[in-house]
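A short worksheet on the structure shown next.
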Amino acid sequence: MPVNLVTWDNIKSTLKDGHINWREFFDDRQLKEIEFSMVYLNQFGHGTDGHNAKLIIARMSTLLDSISHNITIEVEKE
């Protein structure tokens, strides 16, 4: 499956009340993997296959949530 490039214009198109929704760039299967990585980080973290990848995914998800919730973006009116 080809990866669609994420551009600033695409990101701005997800704005709601000035906040981006980074989850719109993932399909359901990918979102489930992200959510499982969060569960793994918080409840397990015992070194299973893919341990480091799950930790990276969970940390990136947490960073994106923090950015999305704490930074407000205003769209220039044309």
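Labeling convention for the structure tokens: chains A, B, ... as they appear, residues from 1 per chain, ligands from 1 in order of appearance.
Using only C-alpha atoms, the residues found no farther than 12 Å from A:Phe36, other than those of its own chain fewer than 4 positions away, are Arg29, Gln30, Leu31, Lys32, Tyr40, Leu41, Asn42, Gln43, Phe44, Gly45, His51, Ala53, Lys54, Leu55, Ile57, Ala58 and Ser61 of chain A.
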Next, the residues of the selection above should be written as a tab-separated table (two decimals), in the first residue's frame with N, CA and C atoms.
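Written output follows (result-v1.tsv):
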chain	number	residue	atom	x	y	z
A	29	ARG	N	-7.03	-0.28	11.10
A	29	ARG	CA	-6.04	-1.29	11.51
A	29	ARG	C	-4.82	-0.63	12.14
A	30	GLN	N	-4.35	0.46	11.55
A	30	GLN	CA	-3.20	1.18	12.08
A	30	GLN	C	-3.52	1.82	13.43
A	31	LEU	N	-4.73	2.38	13.56
A	31	LEU	CA	-5.14	2.98	14.84
A	31	LEU	C	-5.21	1.93	15.94
A	32	LYS	N	-5.66	0.72	15.59
A	32	LYS	CA	-5.69	-0.37	16.58
A	32	LYS	C	-4.28	-0.73	17.04
A	40	TYR	N	0.25	-1.80	25.68
A	40	TYR	CA	1.48	-2.53	25.93
A	40	TYR	C	2.42	-1.71	26.81
A	41	LEU	N	2.59	-0.44	26.47
A	41	LEU	CA	3.48	0.43	27.25
A	41	LEU	C	3.00	0.55	28.70
A	42	ASN	N	1.72	0.74	28.88
A	42	ASN	CA	1.18	1.01	30.22
A	42	ASN	C	0.94	-0.23	31.07
A	43	GLN	N	0.74	-1.39	30.44
A	43	GLN	CA	0.37	-2.57	31.22
A	43	GLN	C	1.35	-3.73	31.13
A	44	PHE	N	2.20	-3.74	30.12
A	44	PHE	CA	3.09	-4.89	29.96
A	44	PHE	C	4.54	-4.45	29.90
A	45	GLY	N	5.04	-4.16	28.71
A	45	GLY	CA	6.41	-3.71	28.56
A	45	GLY	C	7.46	-4.73	28.97
A	51	HIS	N	9.07	-5.21	20.82
A	51	HIS	CA	9.04	-4.37	22.04
A	51	HIS	C	9.44	-2.92	21.74
A	53	ALA	N	9.63	-1.26	18.92
A	53	ALA	CA	8.72	-0.60	17.99
A	53	ALA	C	7.45	-0.15	18.72
A	54	LYS	N	6.92	-0.99	19.61
A	54	LYS	CA	5.71	-0.62	20.35
A	54	LYS	C	5.97	0.57	21.27
A	55	LEU	N	7.14	0.61	21.88
A	55	LEU	CA	7.49	1.74	22.74
A	55	LEU	C	7.61	3.02	21.92
A	57	ILE	N	6.12	3.67	18.98
A	57	ILE	CA	4.77	4.03	18.54
A	57	ILE	C	4.02	4.71	19.67
A	58	ALA	N	4.07	4.15	20.87
A	58	ALA	CA	3.36	4.73	22.01
A	58	ALA	C	3.90	6.11	22.35
A	61	SER	N	2.76	8.59	19.70
A	61	SER	CA	1.35	8.88	19.88
A	61	SER	C	1.14	9.88	21.02
**Message:** To test your reading of the structure, identify every residue in chain A that backbone DSSP assigns to helix (DSSP H, G or I), and report it as a ChimeraX atom specification.
**Reply:** /A:8-12,22-25,28-43,51-70
Would you output that residue set with N, CA and C atoms, as a short mmCIF file (atom, residue, chain, number, x, y, z; two decimals), in the first residue's frame?
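Result written to out-v8.cif:
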data_model
loop_
_atom_site.label_atom_id
_atom_site.label_comp_id
_atom_site.auth_asym_id
_atom_site.auth_seq_id
_atom_site.Cartn_x
_atom_site.Cartn_y
_atom_site.Cartn_z
N TRP A 8 1.57 20.06 5.06
CA TRP A 8 0.98 20.99 6.02
C TRP A 8 -0.46 21.30 5.63
N ASP A 9 -0.75 21.40 4.34
CA ASP A 9 -2.12 21.64 3.90
C ASP A 9 -3.04 20.48 4.31
N ASN A 10 -2.55 19.24 4.19
CA ASN A 10 -3.35 18.08 4.63
C ASN A 10 -3.59 18.15 6.14
N ILE A 11 -2.57 18.50 6.88
CA ILE A 11 -2.70 18.59 8.34
C ILE A 11 -3.71 19.68 8.70
N LYS A 12 -3.60 20.83 8.06
CA LYS A 12 -4.53 21.92 8.36
C LYS A 12 -5.97 21.53 8.06
N TRP A 22 -4.38 14.24 14.20
CA TRP A 22 -3.37 13.42 13.50
C TRP A 22 -3.87 12.01 13.23
N ARG A 23 -4.85 11.55 13.97
CA ARG A 23 -5.36 10.19 13.77
C ARG A 23 -6.06 10.01 12.42
N GLU A 24 -6.47 11.09 11.79
CA GLU A 24 -7.14 11.01 10.49
C GLU A 24 -6.21 10.48 9.40
N PHE A 25 -4.92 10.43 9.66
CA PHE A 25 -3.96 9.97 8.67
C PHE A 25 -3.71 8.46 8.75
N ASP A 28 -8.18 2.17 10.24
CA ASP A 28 -8.62 1.50 11.47
C ASP A 28 -7.59 0.50 11.99
N ARG A 29 -7.03 -0.28 11.10
CA ARG A 29 -6.04 -1.29 11.51
C ARG A 29 -4.82 -0.63 12.14
N GLN A 30 -4.35 0.46 11.55
CA GLN A 30 -3.20 1.18 12.08
C GLN A 30 -3.52 1.82 13.43
N LEU A 31 -4.73 2.38 13.56
CA LEU A 31 -5.14 2.98 14.84
C LEU A 31 -5.21 1.93 15.94
N LYS A 32 -5.66 0.72 15.59
CA LYS A 32 -5.69 -0.37 16.58
C LYS A 32 -4.28 -0.73 17.04
N GLU A 33 -3.33 -0.72 16.12
CA GLU A 33 -1.94 -1.00 16.47
C GLU A 33 -1.38 0.09 17.38
N ILE A 34 -1.72 1.34 17.10
CA ILE A 34 -1.29 2.44 17.96
C ILE A 34 -1.89 2.29 19.35
N GLU A 35 -3.18 1.99 19.43
CA GLU A 35 -3.84 1.82 20.73
C GLU A 35 -3.25 0.62 21.49
N PHE A 36 -2.97 -0.48 20.78
CA PHE A 36 -2.36 -1.63 21.44
C PHE A 36 -0.98 -1.27 21.97
N SER A 37 -0.25 -0.47 21.22
CA SER A 37 1.08 -0.05 21.69
C SER A 37 0.97 0.74 22.98
N MET A 38 -0.07 1.56 23.11
CA MET A 38 -0.29 2.31 24.35
C MET A 38 -0.61 1.36 25.51
N VAL A 39 -1.46 0.36 25.25
CA VAL A 39 -1.79 -0.63 26.28
C VAL A 39 -0.53 -1.40 26.67
N TYR A 40 0.25 -1.80 25.68
CA TYR A 40 1.48 -2.53 25.93
C TYR A 40 2.42 -1.71 26.81
N LEU A 41 2.59 -0.44 26.47
CA LEU A 41 3.48 0.43 27.25
C LEU A 41 3.00 0.55 28.70
N ASN A 42 1.72 0.74 28.88
CA ASN A 42 1.18 1.01 30.22
C ASN A 42 0.94 -0.23 31.07
N GLN A 43 0.74 -1.39 30.44
CA GLN A 43 0.37 -2.57 31.22
C GLN A 43 1.35 -3.73 31.13
N HIS A 51 9.07 -5.21 20.82
CA HIS A 51 9.04 -4.37 22.04
C HIS A 51 9.44 -2.92 21.74
N ASN A 52 10.59 -2.73 21.12
CA ASN A 52 11.08 -1.38 20.87
C ASN A 52 10.15 -0.61 19.94
N ALA A 53 9.63 -1.26 18.92
CA ALA A 53 8.72 -0.60 17.99
C ALA A 53 7.45 -0.15 18.72
N LYS A 54 6.92 -0.99 19.61
CA LYS A 54 5.71 -0.62 20.35
C LYS A 54 5.97 0.57 21.27
N LEU A 55 7.14 0.61 21.88
CA LEU A 55 7.49 1.74 22.74
C LEU A 55 7.61 3.02 21.92
N ILE A 56 8.21 2.92 20.74
CA ILE A 56 8.35 4.09 19.86
C ILE A 56 6.97 4.58 19.41
N ILE A 57 6.12 3.67 18.98
CA ILE A 57 4.77 4.03 18.54
C ILE A 57 4.02 4.71 19.67
N ALA A 58 4.07 4.15 20.87
CA ALA A 58 3.36 4.73 22.01
C ALA A 58 3.90 6.11 22.35
N ARG A 59 5.20 6.28 22.34
CA ARG A 59 5.79 7.58 22.65
C ARG A 59 5.42 8.62 21.59
N MET A 60 5.46 8.22 20.32
CA MET A 60 5.09 9.15 19.25
C MET A 60 3.62 9.55 19.36
N SER A 61 2.76 8.59 19.70
CA SER A 61 1.35 8.88 19.88
C SER A 61 1.14 9.88 21.02
N THR A 62 1.85 9.68 22.11
CA THR A 62 1.76 10.59 23.25
C THR A 62 2.24 11.99 22.88
N LEU A 63 3.34 12.07 22.13
CA LEU A 63 3.85 13.36 21.69
C LEU A 63 2.85 14.08 20.78
N LEU A 64 2.28 13.34 19.82
CA LEU A 64 1.31 13.95 18.92
C LEU A 64 0.05 14.40 19.65
N ASP A 65 -0.41 13.61 20.64
CA ASP A 65 -1.56 14.02 21.43
C ASP A 65 -1.26 15.30 22.20
N SER A 66 -0.08 15.38 22.79
CA SER A 66 0.31 16.56 23.55
C SER A 66 0.37 17.79 22.65
N ILE A 67 0.96 17.65 21.49
CA ILE A 67 1.04 18.76 20.54
C ILE A 67 -0.37 19.17 20.11
N SER A 68 -1.18 18.19 19.76
CA SER A 68 -2.53 18.48 19.28
C SER A 68 -3.37 19.19 20.33
N HIS A 69 -3.25 18.79 21.58
CA HIS A 69 -4.08 19.37 22.64
C HIS A 69 -3.57 20.71 23.14
N ASN A 70 -2.29 20.98 22.99
CA ASN A 70 -1.70 22.16 23.60
C ASN A 70 -1.33 23.27 22.63
#
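Interatomic distance, atom CA of A:Phe26 against atom CA of A:Gly50: 19.7 Å.
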Each residue of stretch 33-75 of chain A with at least one atom at most 8 Å from stretch 17-21 of chain A should appear once, together with its nearest atom pair and the corresponding distance in Å (one decimal); atoms considered: only C-alpha atoms; ordering: chain, then increasing residue number; output as a tab-separated table.
residue	atom	partner	partner_atom	distance
A:Ser68	CA	A:Ile20	CA	5.5
A:His69	CA	A:His19	CA	6.6
A:Ile71	CA	A:His19	CA	6.8
A:Thr72	CA	A:Gly18	CA	4.9
A:Ile73	CA	A:Gly18	CA	4.9
A:Glu74	CA	A:Gly18	CA	5.9
A:Val75	CA	A:Gly18	CA	8.0
Could you write out the selected residues, including C-alpha atoms, as an mmCIF file, in the first residue's frame?
data_model
loop_
_atom_site.group_PDB
_atom_site.id
_atom_site.type_symbol
_atom_site.label_atom_id
_atom_site.label_comp_id
_atom_site.auth_asym_id
_atom_site.auth_seq_id
_atom_site.Cartn_x
_atom_site.Cartn_y
_atom_site.Cartn_z
ATOM 1 C CA SER A 68 -2.528 18.477 19.277
ATOM 2 C CA HIS A 69 -4.078 19.368 22.636
ATOM 3 C CA ILE A 71 -1.084 24.044 20.366
ATOM 4 C CA THR A 72 -3.825 26.018 18.683
ATOM 5 C CA ILE A 73 -3.461 26.740 14.998
ATOM 6 C CA GLU A 74 -5.267 29.583 13.321
ATOM 7 C CA VAL A 75 -5.987 29.265 9.636
#
